[in-house]
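What follows is a short report on a single structure.
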Amino acid sequence: MKLNLTFILLILFFGCKNQEDINLSIENLPSKTIDAQREIVSVLTGNKKLSTDYTINSRTTPKERLMTRRYLSEALNQLNLKTLEHDYREPNSNVFIDLLVSPFKGTNLYTIIPSTIESDEYVLLGAHYDTARNCPGANDNASAMALLYGVAKKISNVPVRQKNVMIVFFDQEEEDLVGSRAFAKYLKKKDYKIHSVHTFDQIGWDKDLDKAVEIELATKKLEEIYREKASELQIPIHTTKVNSTDHQSFRELGYNALGITEEFANGDTTPFKDTPKDTFDTVDFEYLESTTNLVFEVINHIVTQN
Amino acid sequence: MTNKSSTLYTVILVLSLFLFLIKGFQYAVLGSYIPLVLALVICMLFYLNRKKKKALNILIKIWALLIIIWSLLRLLIGTADRFGKELMENHLQENLGVTGSLISLLFLVVGFYLFNKKRRQQWLN
Ligand SMILES: [Zn+2]
């Protein structure tokens with residue numbers, strides 16, 4: 001009987017697996033933004049090895065997500081930005097599942113580009129970093145992570161900023177927006193003063209080469225800024241009511257939030273979403289660059305205005 | 001029933017209830033209260049009937065059955081998931097993977113152990 005009990009305890013503790021550490025030091029990212037973005041998408045999708053002994057094939061398991069965060073963290077560190085982690089636990093979508101399994105457990109990664117003039121106001125830019133199972137997730141959503149890197153880089157170089165910019169990489173979007181929901185709650189709890197929330201999902205497909213973007217559920221004021229900057233850059237802009245991604249989590253808690261994406265509702269969107277074919281070589285980097293410029297102009301406008 | 005095996009039966013029964021309570025607290029902290037309410041109700045029923053052999057017998061039977069159903073459901077969902085790739089969330093797969101299945105199996109054994117009529121009767125007497 002004693003043996004049996006030992007066995008039982010052994011199995012119970014079997015669940016506590018330790019994560020081996022992989023030494024990660026990435027070479028400097030190219031100085032040209034579009035080249036850096038290409039590099040980032042390449043590593044995040046397993047097109048290029050992360051280190052000699054690790055390749056990010058998808059961003060689903062705890063280990064894969066950890067390695068993704070470590071890479072993103074390194075990339076931001078190269079811009080002299082420190083990253084912070086927001087760990088959370090969330091219940092499942094219904095009590096029945098709660099009774100069967102453990103709560104969601106995840107980590108959002110974020111960084112703050114501080115204002116140059118004292119301010120307690122934040123503009124939040126976010127993109128999810130997880131993928132569906134066994135998917136490289138190049139378009140969905142390495143493209144948007146690369147966009148955030150590009151915007152962070154450009155915004156850091158703006159000499160006078162009246163607002164802080166918070167860049168967030170959400171965990172577990174593919175699972176009912178768990179990561180962004182947890183982050184929105186966290187902002188509320190910490191009483192952050194948020195000017196607006198801009199979330200990005202799928203910014204890598206432009207078969208018709210028109211550079212068009214869709215903005216989802218923007219308030220009138222935000223839509224105006226996007227329209228103005230888009231017209232300056234000659235980028236067609238469409239508004240839609242798509243609600244199925246991270247910005248929903250923030251709108252639900254009363255934040256001024258919108259989503260930016262490729263022509264998802266219009267149909268000029270990757271046919272490979274959530275499949276193993278969502279690979280590096282399907283990403284249109286000129287389109288990503290064009291959208292990065294648009295978002296930078298919008299955020300620049302917001303942070304330089306009083 | 002020997003003293004030793006009687007103690008083991010008690011330990012396993014109490015431990016199984018205790019683990020359910022922990023689960024309840026774990027979720028209550030996150031704002032999902034039903035697991036805790038259920039756990040408290042079940043523990044309360046055990047406590048109130050601790051001296052009534054008949055009721056206790058029924059309670060253990062139900063509790064053991066619930067544990068068996070719980071384990072089987074987890075095993076079933078975990079197995080179905082391994083064959084149908086896109087069946088469900090990563091989170092469920094993580095929970096019902098190899099480690100998760102071992103835990104389910106362990107509780108399946110616990111369920112049958114508690115349910116066993118001979119052992120139950122002996123323990124009650
Ligand atoms: Zn996505």
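We name chains A, B, ... following the order of the structure tokens; residues begin at 1 in each chain, and ligands are numbered from 1 as shown.
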
Neighbours of ligand 1 at 7 Å or closer, counting only C-alpha atoms and all ligand atoms: which residues, as an NGL selection string?
:A and (128 or 140-141 or 173-174 or 201-202 or 245)

Give me the residues within 10 Å of A:Leu72 as JSON, numbers by chain, counting only C-alpha atoms and dropping any in the same chain fewer than 5 places off.
{"A": [40, 44, 66, 67, 77, 78, 83, 109, 110, 129, 145, 146, 149, 169]}

Generate the output file for the selected residues, C-alpha atoms, as an mmCIF file, in the first residue's frame.
data_model
loop_
_atom_site.group_PDB
_atom_site.id
_atom_site.type_symbol
_atom_site.label_atom_id
_atom_site.label_comp_id
_atom_site.auth_asym_id
_atom_site.auth_seq_id
_atom_site.Cartn_x
_atom_site.Cartn_y
_atom_site.Cartn_z
ATOM 1 C CA ILE A 40 11.474 39.115 -37.169
ATOM 2 C CA LEU A 44 8.892 33.947 -35.379
ATOM 3 C CA LEU A 66 7.993 31.385 -23.800
ATOM 4 C CA MET A 67 10.597 31.311 -26.557
ATOM 5 C CA ASN A 77 15.871 45.498 -25.922
ATOM 6 C CA GLN A 78 17.786 46.328 -29.063
ATOM 7 C CA THR A 83 10.030 44.624 -21.411
ATOM 8 C CA LEU A 109 4.587 40.912 -22.791
ATOM 9 C CA TYR A 110 4.711 44.685 -22.878
ATOM 10 C CA TYR A 129 1.679 36.468 -30.417
ATOM 11 C CA MET A 145 4.258 41.835 -34.239
ATOM 12 C CA ALA A 146 6.732 43.044 -36.865
ATOM 13 C CA TYR A 149 8.396 46.566 -33.732
ATOM 14 C CA PHE A 169 1.995 41.370 -27.177
#

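Using only C-alpha atoms, the nearest neighbour of chain B within the list A:Gln248, A:Thr304, A:Thr45, A:Gln172 is A:Gln172.
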
Can you pull out every residue from stretch 70-170 of chain A that DSSP, working from the backbone, puts in strand (DSSP E), and format the result as a VMD selection string?
chain A and resid 83 to 90 104 to 113 121 to 128 164 to 170

Quick one: pull the distance between atom CA of A:Glu232 and atom CA of A:Ser290, Å, one decimal.
12.1 Å

Pull out every residue of chain B sitting within 9 Å of chain A, counting only C-alpha atoms, and send them as a VMD selection string.
chain B and resid 4 to 5 8 20 23 to 24 26 to 27 30 to 35 70 to 71 73 to 74 85 to 86 89 to 92 94 to 96 99 to 100 102 to 103 106

Compile the contact shell of B:Lys61 as a PyMOL selection string: residues with an atom at most 12 Å away, counting only C-alpha atoms, same-chain residues fewer than 4 positions apart removed.
chain B and resi 13+46+54-57+65-68+111-117+119-121

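Using only C-alpha atoms for every distance, the candidate list B:Leu36, B:Ile22, B:Ile62, B:Leu72 yields B:Leu72 as the residue closest to B:Leu108.
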
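Candidate residues B:Ala64, B:Lys52, B:Thr79, B:Leu38 were compared for distance to B:Ile12, and the nearest is B:Ala64, using only C-alpha atoms.
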
When DSSP is applied to the backbone of this structure, which of stretch 95-164 of chain A are assigned helix (DSSP H, G or I)? Write them out as a compact mmCIF listing (two decimals) with C-alpha atoms, in the first residue's frame.
# COMPACT_ATOMS: atom_id res chain seq x y z
CA VAL A 95 -18.12 26.30 -15.44
CA PHE A 96 -18.39 22.83 -16.87
CA ILE A 97 -14.90 23.18 -18.35
CA ASP A 98 -13.69 24.75 -15.10
CA LEU A 99 -14.69 21.55 -13.35
CA LEU A 100 -12.76 19.44 -15.84
CA ALA A 138 3.26 34.32 -40.40
CA ASN A 139 0.31 36.45 -41.42
CA ASP A 140 -1.55 35.66 -38.22
CA ASN A 141 0.12 37.22 -36.37
CA ALA A 142 3.89 37.57 -36.85
CA SER A 143 3.10 40.30 -39.38
CA ALA A 144 1.47 42.48 -36.74
CA MET A 145 4.26 41.83 -34.24
CA ALA A 146 6.73 43.04 -36.86
CA LEU A 147 4.50 46.07 -37.42
CA LEU A 148 4.62 46.87 -33.71
CA TYR A 149 8.40 46.57 -33.73
CA GLY A 150 8.56 49.01 -36.65
CA VAL A 151 6.20 51.50 -35.02
CA ALA A 152 8.02 51.23 -31.67
CA LYS A 153 11.29 51.96 -33.40
CA LYS A 154 9.94 55.00 -35.20
CA ILE A 155 8.04 56.38 -32.22
CA SER A 156 11.13 56.08 -29.99

Residues within 10 Å of A:Ile56, please, as a compact mmCIF listing (two decimals) with N, CA and C atoms, in the first residue's frame. Count only C-alpha atoms; anything in the same chain fewer than 6 positions from it doesn't count.
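Final output, out.txt:
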# COMPACT_ATOMS: atom_id res chain seq x y z
N SER A 42 10.64 36.08 -40.02
CA SER A 42 11.36 34.86 -40.37
C SER A 42 11.63 33.99 -39.12
N VAL A 43 12.09 34.62 -38.06
CA VAL A 43 12.39 33.87 -36.83
C VAL A 43 11.11 33.40 -36.14
N LEU A 44 10.12 34.29 -36.10
CA LEU A 44 8.89 33.95 -35.38
C LEU A 44 8.11 32.82 -36.04
N THR A 45 8.40 32.57 -37.31
CA THR A 45 7.64 31.54 -38.02
C THR A 45 8.48 30.29 -38.30
N GLY A 46 9.67 30.25 -37.72
CA GLY A 46 10.50 29.07 -37.91
C GLY A 46 11.17 29.00 -39.27
N ASN A 47 11.04 30.07 -40.05
CA ASN A 47 11.74 30.10 -41.33
C ASN A 47 13.24 30.18 -41.10
N LYS A 48 13.59 30.84 -39.99
CA LYS A 48 14.99 30.91 -39.57
C LYS A 48 15.06 30.42 -38.13
N LYS A 49 16.14 29.74 -37.80
CA LYS A 49 16.29 29.22 -36.43
C LYS A 49 16.39 30.36 -35.42
N LEU A 50 15.82 30.16 -34.26
CA LEU A 50 15.94 31.14 -33.20
C LEU A 50 17.34 31.07 -32.59
N LYS A 63 6.05 26.26 -23.94
CA LYS A 63 7.46 26.42 -24.31
C LYS A 63 7.60 27.33 -25.53
N GLU A 64 6.79 27.08 -26.54
CA GLU A 64 6.86 27.88 -27.77
C GLU A 64 6.54 29.34 -27.47
N ARG A 65 5.57 29.54 -26.61
CA ARG A 65 5.18 30.92 -26.28
C ARG A 65 6.25 31.60 -25.46
N MET A 67 9.50 30.98 -25.66
CA MET A 67 10.60 31.31 -26.56
C MET A 67 10.24 32.52 -27.43
N THR A 68 8.97 32.62 -27.81
CA THR A 68 8.52 33.76 -28.59
C THR A 68 8.68 35.05 -27.78
N TYR A 71 12.28 36.08 -27.55
CA TYR A 71 12.77 36.69 -28.78
C TYR A 71 12.27 38.14 -28.91
N PRO A 136 2.60 28.05 -38.40
CA PRO A 136 3.70 29.01 -38.24
C PRO A 136 3.19 30.43 -37.97
